[in-house]
$ cat input.cif   # mmCIF, C-alpha atoms and all ligand atoms
data_coords
loop_
_atom_site.label_atom_id
_atom_site.label_comp_id
_atom_site.auth_asym_id
_atom_site.auth_seq_id
_atom_site.Cartn_x
_atom_site.Cartn_y
_atom_site.Cartn_z
CA MET A 1 13.76 12.67 41.93
CA SER A 2 10.33 12.60 40.30
CA GLY A 3 11.52 15.30 37.86
CA HIS A 4 14.07 12.89 36.37
CA TYR A 5 11.43 10.25 35.71
CA THR A 6 9.25 12.77 33.87
CA VAL A 7 12.10 13.74 31.53
CA ALA A 8 12.92 10.11 30.73
CA PHE A 9 9.29 9.28 29.95
CA THR A 10 8.95 12.26 27.60
CA ALA A 11 12.07 11.30 25.65
CA THR A 12 10.71 7.76 25.13
CA ALA A 13 7.36 9.06 23.91
CA VAL A 14 9.06 11.28 21.32
CA THR A 15 11.14 8.34 20.04
CA VAL A 16 8.03 6.21 19.54
CA LEU A 17 6.30 9.00 17.60
CA VAL A 18 9.27 9.43 15.27
CA CYS A 19 9.38 5.68 14.52
CA ALA A 20 5.65 5.58 13.75
CA ALA A 21 6.04 8.49 11.32
CA ALA A 22 8.94 6.79 9.53
CA LEU A 23 6.91 3.60 9.07
CA ALA A 24 3.89 5.49 7.77
CA ASP A 25 6.06 7.10 5.09
CA ASP A 26 6.75 3.76 3.47
CA VAL A 27 3.17 2.51 3.31
CA ASN A 28 1.12 3.79 0.41
CA THR A 29 -2.58 3.18 -0.07
CA ILE A 30 -4.54 2.62 -3.25
CA VAL A 31 -8.32 2.65 -2.98
CA GLN A 32 -10.60 0.75 -5.34
CA ASN A 33 -13.74 2.79 -5.71
CA GLY A 34 -16.27 3.07 -8.54
CA ARG A 35 -14.53 0.31 -10.55
CA ALA A 36 -11.29 2.31 -10.58
CA PHE A 37 -7.98 2.42 -8.79
CA ARG A 38 -7.47 5.74 -7.06
CA PRO A 39 -5.03 7.21 -7.77
CA THR A 40 -4.38 5.58 -11.16
CA GLU A 41 -0.62 6.12 -11.01
CA ILE A 42 1.82 6.06 -8.09
CA THR A 43 5.56 6.10 -7.46
CA ILE A 44 6.88 4.16 -4.47
CA ASN A 45 10.29 3.39 -3.04
CA HIS A 46 11.80 -0.05 -3.56
CA GLY A 47 10.78 -2.14 -0.56
CA ALA A 48 7.74 -0.02 0.25
CA THR A 49 4.36 -1.64 0.79
CA LEU A 50 1.35 -0.79 -1.32
CA ASN A 51 -1.99 -1.37 0.39
CA PHE A 52 -5.08 -2.01 -1.74
CA ASN A 53 -8.32 -1.12 0.01
CA ASN A 54 -11.50 -2.32 -1.69
CA GLN A 55 -14.09 0.35 -0.93
CA ASP A 56 -16.54 -0.86 -3.55
CA GLU A 57 -19.55 -2.99 -2.68
CA PHE A 58 -18.38 -5.82 -4.90
CA ILE A 59 -15.37 -8.08 -5.39
CA HIS A 60 -12.16 -7.07 -7.14
CA GLN A 61 -9.17 -9.22 -8.06
CA ILE A 62 -5.79 -7.55 -8.31
CA TYR A 63 -3.16 -8.96 -10.60
CA VAL A 64 0.22 -8.10 -12.07
CA ASP A 65 1.54 -10.02 -15.06
CA THR A 66 5.01 -8.85 -16.07
CA PRO A 67 8.30 -10.63 -16.88
CA GLY A 68 9.79 -9.52 -13.55
CA PHE A 69 6.80 -9.86 -11.25
CA ASN A 70 3.62 -11.92 -11.18
CA TYR A 71 0.94 -11.51 -8.56
CA ASP A 72 -2.69 -12.55 -8.21
CA SER A 73 -4.67 -11.56 -5.14
CA ALA A 74 -7.54 -13.97 -5.77
CA GLU A 75 -10.94 -12.55 -4.80
CA GLN A 76 -10.84 -9.38 -2.73
CA ASN A 77 -14.05 -8.78 -0.83
CA PRO A 78 -15.50 -5.36 -0.04
CA GLY A 79 -13.61 -3.79 2.84
CA GLN A 80 -10.68 -6.18 2.48
CA VAL A 81 -7.15 -4.76 2.30
CA PHE A 82 -4.26 -6.48 0.53
CA HIS A 83 -0.61 -5.57 1.06
CA ILE A 84 1.69 -5.96 -1.93
CA ALA A 85 5.46 -5.51 -1.93
CA PHE A 86 7.01 -4.97 -5.35
CA PRO A 87 10.28 -6.91 -5.67
CA SER A 88 12.29 -4.69 -7.97
CA ALA A 89 12.54 -1.28 -9.55
CA GLY A 90 10.54 -0.70 -12.71
CA THR A 91 7.07 0.09 -13.98
CA PHE A 92 4.25 -2.37 -13.29
CA PRO A 93 0.71 -2.28 -14.69
CA VAL A 94 -1.75 -3.48 -12.06
CA LYS A 95 -5.15 -4.68 -13.27
CA CYS A 96 -8.37 -6.32 -12.11
CA HIS A 97 -9.53 -9.66 -13.54
CA ILE A 98 -13.17 -8.76 -13.00
CA HIS A 99 -13.13 -5.20 -14.40
CA PRO A 100 -10.83 -5.06 -17.47
CA LYS A 101 -10.93 -1.25 -17.64
CA MET A 102 -9.29 -0.89 -14.22
CA LEU A 103 -5.63 0.06 -14.54
CA LEU A 104 -3.05 1.29 -12.06
CA THR A 105 0.52 2.08 -13.03
CA VAL A 106 3.07 1.54 -10.26
CA HIS A 107 6.54 3.02 -10.60
CA VAL A 108 9.09 1.50 -8.20
CA LYS A 109 12.24 3.57 -7.88
CU CU B 1 -12.35 -4.90 -10.11
#
$ encode --input "input.cif" --output "structure tokens"
Amino acid sequence: MSGHYTVAFTATAVTVLVCAAALADDVNTIVQNGRAFRPTEITINHGATLNFNNQDEFIHQIYVDTPGFNYDSAEQNPGQVFHIAFPSAGTFPVKCHIHPKMLLTVHVK
């Protein structure tokens, strides 16, 4: 009987691993480091989440100002991560209020 329980447990563990992998595929990370977005251009699926991870030692402020989508993160402290979902397909410039030279181009397909 104990053999049956072992098989059932293994099947459940595999299912959980597959789900975790599927979720990870739809989360993309942008790092802010050295007053720059890294990478500076990214393509994501519609509905995917874009994480912004401030790895600088100072504050950033992420914003998007387009006809189809407006977003303003307010102040983002060092080490803080923001999660942004883009509402529609298109190309969106993402900038920083504090560092005007910072530019990220997000393509949502
Ligand atoms: Cu900045």
$ closest_residue --input "input.cif" --among "A:Asn54, A:Gly90, A:His60, A:Lys101" --to "Ile42 of chain A" --atoms "all atoms listed in the file"
A:Gly90
$ atom_distance --input "input.cif" --atom1 "atom CA of His97 of chain A" --atom2 "atom CA of Tyr71 of chain A"
11.7 Å
$ residues_near_point --input "input.cif" --point "(6.5, 0.5, -1.3)" --cutoff "7 Å" --atoms "all atoms listed in the file" --output "PyMOL selection string"
chain A and resi 26-28+44-50+85-86
$ closest_residue --input "input.cif" --among "A:Lys109, A:Phe58, A:Phe52, A:Val81" --to "Gly34 of chain A" --atoms "all atoms listed in the file"
A:Phe58
$ atom_distance --input "input.cif" --atom1 "atom CA of Asn77 of chain A" --atom2 "atom CA of Ile59 of chain A"
4.8 Å
$ residues_near_ligand --input "input.cif" --ligand "ligand CU 1 (chain B)" --cutoff "6 Å" --atoms "all atoms listed in the file" --output "list in words"
Arg35, His60, Gln61, Cys96, Ile98 and His99 of chain A
$ residues_around --input "input.cif" --residues "Pro93 of chain A" --least-positions-apart "2" --cutoff "9 Å" --atoms "all atoms listed in the file" --output "PyMOL selection string"
chain A and resi 63-66+91+95+103-107
$ write_last_selection --input "input.cif" --atoms "C-alpha atoms" --output "mmCIF file, in the frame of the given file"
data_model
loop_
_atom_site.group_PDB
_atom_site.id
_atom_site.type_symbol
_atom_site.label_atom_id
_atom_site.label_comp_id
_atom_site.auth_asym_id
_atom_site.auth_seq_id
_atom_site.Cartn_x
_atom_site.Cartn_y
_atom_site.Cartn_z
ATOM 1 C CA TYR A 63 -3.160 -8.960 -10.600
ATOM 2 C CA VAL A 64 0.220 -8.100 -12.070
ATOM 3 C CA ASP A 65 1.540 -10.020 -15.060
ATOM 4 C CA THR A 66 5.010 -8.850 -16.070
ATOM 5 C CA THR A 91 7.070 0.090 -13.980
ATOM 6 C CA LYS A 95 -5.150 -4.680 -13.270
ATOM 7 C CA LEU A 103 -5.630 0.060 -14.540
ATOM 8 C CA LEU A 104 -3.050 1.290 -12.060
ATOM 9 C CA THR A 105 0.520 2.080 -13.030
ATOM 10 C CA VAL A 106 3.070 1.540 -10.260
ATOM 11 C CA HIS A 107 6.540 3.020 -10.600
#
$ atom_distance --input "input.cif" --atom1 "atom CA of Gln76 of chain A" --atom2 "atom CA of Glu57 of chain A"
10.8 Å
